[in-house]
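Chemist: Just model-v7.cif, nothing more (mmCIF, C-alpha atoms):
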```
data_coords
#
loop_
_atom_site.label_atom_id
_atom_site.label_comp_id
_atom_site.auth_asym_id
_atom_site.auth_seq_id
_atom_site.Cartn_x
_atom_site.Cartn_y
_atom_site.Cartn_z
CA MET A 26 37.61 -38.41 -156.85
CA ALA A 27 39.68 -37.10 -154.00
CA ARG A 28 42.00 -34.16 -154.05
CA VAL A 29 45.42 -34.31 -152.48
CA VAL A 30 47.42 -31.12 -152.13
CA VAL A 31 51.21 -31.02 -152.16
CA ASP A 32 52.75 -27.75 -150.97
CA VAL A 33 56.39 -27.19 -151.82
CA MET A 34 58.26 -24.35 -150.12
CA LEU A 35 61.92 -23.41 -149.99
CA LYS A 36 63.51 -24.39 -146.69
CA PRO A 37 63.65 -21.51 -144.18
CA GLU A 38 67.43 -21.24 -144.44
CA ILE A 39 67.34 -20.91 -148.25
CA LEU A 40 67.17 -17.41 -149.72
CA ASP A 41 63.87 -16.76 -151.51
CA PRO A 42 64.36 -13.95 -154.04
CA GLN A 43 60.80 -14.19 -155.38
CA GLY A 44 59.32 -13.72 -151.93
CA GLN A 45 61.76 -10.90 -151.15
CA ALA A 46 60.79 -9.10 -154.33
CA VAL A 47 57.13 -9.26 -153.33
CA GLN A 48 57.86 -8.14 -149.79
CA ARG A 49 59.94 -5.15 -150.86
CA ALA A 50 57.28 -4.02 -153.28
CA LEU A 51 54.52 -3.99 -150.64
CA PRO A 52 55.30 -0.68 -148.85
CA ARG A 53 55.52 1.09 -152.20
CA LEU A 54 52.11 -0.34 -153.07
CA GLY A 55 50.58 0.83 -149.82
CA PHE A 56 50.58 -2.41 -147.83
CA GLY A 57 52.42 -2.25 -144.53
CA GLY A 58 52.76 -4.59 -141.58
CA ILE A 59 54.01 -7.61 -143.49
CA ALA A 60 57.33 -8.77 -142.10
CA ASP A 61 58.14 -11.57 -144.52
CA VAL A 62 56.88 -13.17 -147.70
CA ARG A 63 57.88 -16.55 -149.05
CA GLN A 64 56.66 -17.95 -152.33
CA GLY A 65 56.31 -21.61 -153.17
CA LYS A 66 54.38 -24.05 -155.29
CA ARG A 67 51.08 -25.77 -154.76
CA PHE A 68 50.13 -28.94 -156.64
CA GLU A 69 46.55 -30.23 -156.68
CA LEU A 70 46.39 -33.93 -157.56
CA GLU A 71 43.08 -35.62 -158.34
CA LEU A 72 43.35 -39.27 -157.33
CA GLU A 73 41.24 -41.84 -159.15
CA GLY A 74 40.92 -44.33 -156.34
CA PRO A 75 40.27 -44.03 -152.62
CA VAL A 76 42.70 -41.98 -150.53
CA ASP A 77 44.07 -44.72 -148.33
CA ASP A 78 47.47 -45.09 -146.74
CA ALA A 79 48.92 -46.72 -149.86
CA ALA A 80 47.73 -43.89 -152.11
CA LEU A 81 49.11 -41.27 -149.75
CA ALA A 82 52.41 -43.09 -149.53
CA GLY A 83 52.54 -43.04 -153.34
CA VAL A 84 51.87 -39.32 -153.44
CA ARG A 85 54.50 -38.73 -150.79
CA GLU A 86 57.07 -40.67 -152.81
CA LEU A 87 56.05 -38.74 -155.94
CA ALA A 88 56.42 -35.42 -154.13
CA GLU A 89 59.77 -36.34 -152.69
CA THR A 90 61.11 -37.67 -155.97
CA PHE A 91 59.73 -35.28 -158.56
CA LEU A 92 57.73 -32.36 -157.22
CA ALA A 93 60.18 -31.12 -154.62
CA ASN A 94 63.93 -30.76 -154.61
CA THR A 95 64.48 -31.97 -151.07
CA VAL A 96 67.95 -30.48 -150.93
CA ILE A 97 66.48 -26.98 -150.80
CA GLU A 98 62.72 -27.52 -150.42
CA ASN A 99 60.29 -28.89 -147.85
CA PHE A 100 56.95 -30.37 -148.85
CA THR A 101 53.70 -31.25 -147.14
CA VAL A 102 51.04 -33.67 -148.37
CA ARG A 103 47.46 -33.36 -147.20
CA VAL A 104 44.02 -34.49 -148.26
CA GLU A 105 41.74 -31.60 -149.08
CA GLU A 106 38.05 -31.84 -148.23
CA SER A 107 35.92 -31.20 -151.28
CA GLU A 108 34.91 -27.57 -151.36
CA GLY A 109 34.30 -24.88 -153.91
CA ALA A 110 37.21 -22.60 -154.67
CA SER A 111 36.62 -19.20 -153.20
CA ALA A 112 37.21 -15.70 -154.56
CA MET B 29 53.75 -13.19 -135.60
CA ALA B 30 50.95 -14.81 -137.49
CA ARG B 31 51.16 -16.54 -140.81
CA VAL B 32 48.59 -16.00 -143.51
CA VAL B 33 48.65 -18.21 -146.59
CA VAL B 34 47.45 -17.09 -150.00
CA ASP B 35 46.94 -19.87 -152.53
CA VAL B 36 46.67 -18.82 -156.15
CA MET B 37 45.44 -21.36 -158.72
CA LEU B 38 44.43 -21.05 -162.35
CA LYS B 39 40.66 -21.11 -162.76
CA PRO B 40 39.31 -24.55 -163.65
CA GLU B 41 38.39 -23.47 -167.17
CA ILE B 42 41.90 -22.16 -167.91
CA LEU B 43 44.38 -24.57 -169.50
CA ASP B 44 47.26 -25.42 -167.16
CA PRO B 45 50.23 -26.59 -169.24
CA GLN B 46 52.53 -26.95 -166.21
CA GLY B 47 50.09 -29.27 -164.48
CA GLN B 48 49.50 -31.21 -167.69
CA ALA B 49 53.22 -31.71 -168.16
CA VAL B 50 53.49 -33.16 -164.66
CA GLN B 51 50.44 -35.36 -165.15
CA ARG B 52 51.68 -36.78 -168.45
CA ALA B 53 55.07 -37.58 -166.99
CA LEU B 54 53.63 -39.60 -164.09
CA PRO B 55 52.82 -42.91 -165.86
CA ARG B 56 56.30 -42.94 -167.38
CA LEU B 57 57.75 -42.45 -163.92
CA GLY B 58 55.73 -45.30 -162.45
CA PHE B 59 52.93 -43.38 -160.75
CA GLY B 60 49.42 -44.34 -161.87
CA GLY B 61 45.96 -43.47 -160.63
CA ILE B 62 46.28 -39.71 -160.84
CA ALA B 63 43.59 -38.25 -163.05
CA ASP B 64 44.57 -34.61 -163.02
CA VAL B 65 47.31 -32.30 -161.79
CA ARG B 66 47.11 -28.54 -161.48
CA GLN B 67 49.98 -26.35 -160.39
CA GLY B 68 49.68 -23.01 -158.68
CA LYS B 69 51.41 -20.67 -156.31
CA ARG B 70 51.48 -20.46 -152.55
CA PHE B 71 52.45 -17.29 -150.70
CA GLU B 72 53.25 -17.31 -146.98
CA LEU B 73 52.90 -13.86 -145.43
CA GLU B 74 54.15 -13.15 -141.91
CA LEU B 75 52.00 -10.40 -140.43
CA GLU B 76 53.49 -8.12 -137.80
CA GLY B 77 50.30 -7.29 -135.96
CA PRO B 78 47.30 -9.33 -134.85
CA VAL B 79 45.31 -11.17 -137.48
CA ASP B 80 42.02 -9.35 -137.16
CA ASP B 81 39.38 -8.63 -139.75
CA ALA B 82 41.15 -5.47 -140.91
CA ALA B 83 44.44 -7.29 -141.44
CA LEU B 84 42.73 -10.08 -143.37
CA ALA B 85 40.87 -7.56 -145.49
CA GLY B 86 44.21 -5.96 -146.30
CA VAL B 87 45.72 -9.29 -147.29
CA ARG B 88 42.68 -10.05 -149.40
CA GLU B 89 43.02 -6.75 -151.24
CA LEU B 90 46.73 -7.38 -151.70
CA ALA B 91 46.08 -10.84 -153.11
CA GLU B 92 43.39 -9.61 -155.44
CA THR B 93 45.45 -6.67 -156.66
CA PHE B 94 48.96 -8.04 -156.91
CA LEU B 95 49.38 -11.73 -156.12
CA ALA B 96 46.64 -13.10 -158.37
CA ASN B 97 45.53 -12.21 -161.84
CA THR B 98 41.82 -12.51 -161.18
CA VAL B 99 41.01 -12.72 -164.88
CA ILE B 100 42.52 -16.19 -165.02
CA GLU B 101 43.24 -17.11 -161.38
CA ASN B 102 41.32 -17.80 -158.19
CA PHE B 103 42.84 -17.20 -154.79
CA THR B 104 42.10 -18.21 -151.22
CA VAL B 105 43.32 -16.48 -148.04
CA ARG B 106 43.55 -18.38 -144.78
CA VAL B 107 45.26 -18.08 -141.44
CA GLU B 108 47.65 -20.91 -140.78
CA GLU B 109 48.01 -22.23 -137.26
CA SER B 110 51.62 -22.15 -136.17
CA GLU B 111 53.19 -25.53 -136.78
CA GLY B 112 56.53 -26.93 -137.82
CA ALA B 113 56.98 -27.61 -141.52
CA SER B 114 56.98 -31.32 -142.19
CA ALA B 115 59.14 -33.48 -144.43
#
```
As structure tokens, what does this structure read like?
Modeler:
Amino acid sequence: MARVVVDVMLKPEILDPQGQAVQRALPRLGFGGIADVRQGKRFELELEGPVDDAALAGVRELAETFLANTVIENFTVRVEESEGASA
Amino acid sequence: MARVVVDVMLKPEILDPQGQAVQRALPRLGFGGIADVRQGKRFELELEGPVDDAALAGVRELAETFLANTVIENFTVRVEESEGASA
């Protein structure tokens, strides 16, 4: 099975209160040098068949239709090489 | 400025109701062939200084301490090459 990752982030011109809350907390917590934080969503889809152009087109349509709100969000679709999760 | 991405996902053995809800909705919506969906968080951090080992160690500590709940979540830290967001 192949893993396809869909990342959904708010568009740069859209205010991101979640990310701002994290960023403002950082100096208090002792972490400096971070100019901006934005928070989004990551979907990991396990495809049953081969990851060919048709499958990726399907995932792209799925992301555009249901996973992302394309009025305020951008998304990226990419195939992830199989690897163990770190940390 | 350099962008560092922190991905936070529930550990594989932890139930993911959000991902399950998405997965169960897919056949109804006309998307087949997807065996599993897991949903997590993606943080984009813009670092002010250079991305050296010290900066990455700081981000890793930050992720472990505040962005992820390491009892139930795994995280990965990676430097993202500068690129335009797609879609």
Chemist: Where does the PyMOL selection byres ((chain A) within 7 of (chain B)) land in this file, that is, which residues does it pick, as a PyMOL selection string?
Modeler: chain A and resi 58-74+99-101+111-112
Chemist: Considering all atoms listed in the file, state which residue in the set A:Ala46, A:Ala82, A:Val76, A:Ala88 is at the smallest distance from A:Val104.
Modeler: A:Val76
Chemist: What is the atom CA of B:Asn97-atom CA of A:Leu40 distance in Å, reported with one decimal?
Modeler: 25.3 Å
Chemist: What gap, in Å, lies between atom CA of A:Glu106 and atom CA of B:Pro55?
Modeler: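 Distance reported for this atom pair: 25.5 Å.
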Chemist: At what distance in Å, to one decimal, does atom CA of A:Leu35 lie from atom CA of A:Ile97?
Modeler: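 Computed distance, atom CA of A:Ile97 to atom CA of A:Leu35, equals 5.8 Å.
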Chemist: Supply stretch 70-106 of chain A as an mmCIF file, in the frame of the given file, with N, CA and C atoms built in where the input has gaps.
Modeler:
```cif
data_model
loop_
_atom_site.group_PDB
_atom_site.id
_atom_site.type_symbol
_atom_site.label_atom_id
_atom_site.label_comp_id
_atom_site.auth_asym_id
_atom_site.auth_seq_id
_atom_site.Cartn_x
_atom_site.Cartn_y
_atom_site.Cartn_z
ATOM 1 N N LEU A 70 46.460 -32.650 -156.858
ATOM 2 C CA LEU A 70 46.390 -33.930 -157.560
ATOM 3 C C LEU A 70 45.007 -34.534 -157.345
ATOM 4 N N GLU A 71 44.363 -34.934 -158.439
ATOM 5 C CA GLU A 71 43.080 -35.620 -158.340
ATOM 6 C C GLU A 71 43.338 -37.113 -158.444
ATOM 7 N N LEU A 72 43.112 -37.831 -157.335
ATOM 8 C CA LEU A 72 43.350 -39.270 -157.330
ATOM 9 C C LEU A 72 42.118 -40.001 -157.847
ATOM 10 N N GLU A 73 42.360 -41.078 -158.616
ATOM 11 C CA GLU A 73 41.240 -41.840 -159.150
ATOM 12 C C GLU A 73 40.622 -42.762 -158.106
ATOM 13 N N GLY A 74 41.437 -43.369 -157.308
ATOM 14 C CA GLY A 74 40.920 -44.330 -156.340
ATOM 15 C C GLY A 74 40.661 -43.706 -154.986
ATOM 16 N N PRO A 75 40.457 -44.530 -153.982
ATOM 17 C CA PRO A 75 40.270 -44.030 -152.620
ATOM 18 C C PRO A 75 41.597 -43.499 -152.068
ATOM 19 N N VAL A 76 41.495 -42.537 -151.159
ATOM 20 C CA VAL A 76 42.700 -41.980 -150.530
ATOM 21 C C VAL A 76 43.009 -42.785 -149.283
ATOM 22 N N ASP A 77 43.680 -43.896 -149.478
ATOM 23 C CA ASP A 77 44.070 -44.720 -148.330
ATOM 24 C C ASP A 77 45.562 -44.518 -148.064
ATOM 25 N N ASP A 78 46.067 -45.271 -147.109
ATOM 26 C CA ASP A 78 47.470 -45.090 -146.740
ATOM 27 C C ASP A 78 48.403 -45.366 -147.906
ATOM 28 N N ALA A 79 48.055 -46.382 -148.733
ATOM 29 C CA ALA A 79 48.920 -46.720 -149.860
ATOM 30 C C ALA A 79 48.956 -45.572 -150.867
ATOM 31 N N ALA A 80 47.781 -44.993 -151.141
ATOM 32 C CA ALA A 80 47.730 -43.890 -152.110
ATOM 33 C C ALA A 80 48.528 -42.702 -151.594
ATOM 34 N N LEU A 81 48.377 -42.405 -150.305
ATOM 35 C CA LEU A 81 49.110 -41.270 -149.750
ATOM 36 C C LEU A 81 50.615 -41.521 -149.736
ATOM 37 N N ALA A 82 50.987 -42.768 -149.491
ATOM 38 C CA ALA A 82 52.410 -43.090 -149.530
ATOM 39 C C ALA A 82 52.949 -42.884 -150.945
ATOM 40 N N GLY A 83 52.137 -43.259 -151.951
ATOM 41 C CA GLY A 83 52.540 -43.040 -153.340
ATOM 42 C C GLY A 83 52.722 -41.568 -153.648
ATOM 43 N N VAL A 84 51.773 -40.757 -153.190
ATOM 44 C CA VAL A 84 51.870 -39.320 -153.440
ATOM 45 C C VAL A 84 53.086 -38.743 -152.731
ATOM 46 N N ARG A 85 53.348 -39.246 -151.534
ATOM 47 C CA ARG A 85 54.500 -38.730 -150.790
ATOM 48 C C ARG A 85 55.812 -39.058 -151.516
ATOM 49 N N GLU A 86 55.863 -40.291 -152.072
ATOM 50 C CA GLU A 86 57.070 -40.670 -152.810
ATOM 51 C C GLU A 86 57.210 -39.802 -154.059
ATOM 52 N N LEU A 87 56.072 -39.590 -154.739
ATOM 53 C CA LEU A 87 56.050 -38.740 -155.940
ATOM 54 C C LEU A 87 56.539 -37.334 -155.615
ATOM 55 N N ALA A 88 56.034 -36.784 -154.506
ATOM 56 C CA ALA A 88 56.420 -35.420 -154.130
ATOM 57 C C ALA A 88 57.907 -35.350 -153.824
ATOM 58 N N GLU A 89 58.374 -36.354 -153.099
ATOM 59 C CA GLU A 89 59.770 -36.340 -152.690
ATOM 60 C C GLU A 89 60.695 -36.532 -153.891
ATOM 61 N N THR A 90 60.245 -37.332 -154.862
ATOM 62 C CA THR A 90 61.110 -37.670 -155.970
ATOM 63 C C THR A 90 61.074 -36.626 -157.078
ATOM 64 N N PHE A 91 59.857 -36.102 -157.365
ATOM 65 C CA PHE A 91 59.730 -35.280 -158.560
ATOM 66 C C PHE A 91 59.216 -33.869 -158.330
ATOM 67 N N LEU A 92 58.329 -33.692 -157.362
ATOM 68 C CA LEU A 92 57.730 -32.360 -157.220
ATOM 69 C C LEU A 92 58.621 -31.418 -156.411
ATOM 70 N N ALA A 93 59.329 -31.961 -155.459
ATOM 71 C CA ALA A 93 60.180 -31.120 -154.620
ATOM 72 C C ALA A 93 61.642 -31.503 -154.813
ATOM 73 N N ASN A 94 62.488 -30.514 -154.692
ATOM 74 C CA ASN A 94 63.930 -30.760 -154.610
ATOM 75 C C ASN A 94 64.267 -30.724 -153.130
ATOM 76 N N THR A 95 64.388 -31.913 -152.534
ATOM 77 C CA THR A 95 64.480 -31.970 -151.070
ATOM 78 C C THR A 95 65.810 -31.466 -150.533
ATOM 79 N N VAL A 96 66.726 -31.124 -151.415
ATOM 80 C CA VAL A 96 67.950 -30.480 -150.930
ATOM 81 C C VAL A 96 67.638 -29.069 -150.437
ATOM 82 N N ILE A 97 66.760 -28.382 -151.146
ATOM 83 C CA ILE A 97 66.480 -26.980 -150.800
ATOM 84 C C ILE A 97 65.014 -26.737 -150.459
ATOM 85 N N GLU A 98 64.154 -27.751 -150.624
ATOM 86 C CA GLU A 98 62.720 -27.520 -150.420
ATOM 87 C C GLU A 98 62.111 -28.507 -149.432
ATOM 88 N N ASN A 99 61.138 -28.034 -148.668
ATOM 89 C CA ASN A 99 60.290 -28.890 -147.850
ATOM 90 C C ASN A 99 58.958 -29.085 -148.573
ATOM 91 N N PHE A 100 58.285 -30.200 -148.280
ATOM 92 C CA PHE A 100 56.950 -30.370 -148.850
ATOM 93 C C PHE A 100 56.008 -30.920 -147.788
ATOM 94 N N THR A 101 54.727 -30.650 -147.980
ATOM 95 C CA THR A 101 53.700 -31.250 -147.140
ATOM 96 C C THR A 101 52.651 -31.862 -148.054
ATOM 97 N N VAL A 102 52.100 -32.985 -147.633
ATOM 98 C CA VAL A 102 51.040 -33.670 -148.370
ATOM 99 C C VAL A 102 49.814 -33.685 -147.484
ATOM 100 N N ARG A 103 48.667 -33.276 -148.012
ATOM 101 C CA ARG A 103 47.460 -33.360 -147.200
ATOM 102 C C ARG A 103 46.247 -33.589 -148.103
ATOM 103 N N VAL A 104 45.258 -34.246 -147.539
ATOM 104 C CA VAL A 104 44.020 -34.490 -148.260
ATOM 105 C C VAL A 104 43.140 -33.264 -148.073
ATOM 106 N N GLU A 105 42.592 -32.778 -149.173
ATOM 107 C CA GLU A 105 41.740 -31.600 -149.080
ATOM 108 C C GLU A 105 40.280 -32.041 -149.149
ATOM 109 N N GLU A 106 39.489 -31.575 -148.182
ATOM 110 C CA GLU A 106 38.050 -31.840 -148.230
ATOM 111 C C GLU A 106 37.486 -31.162 -149.475
#
```
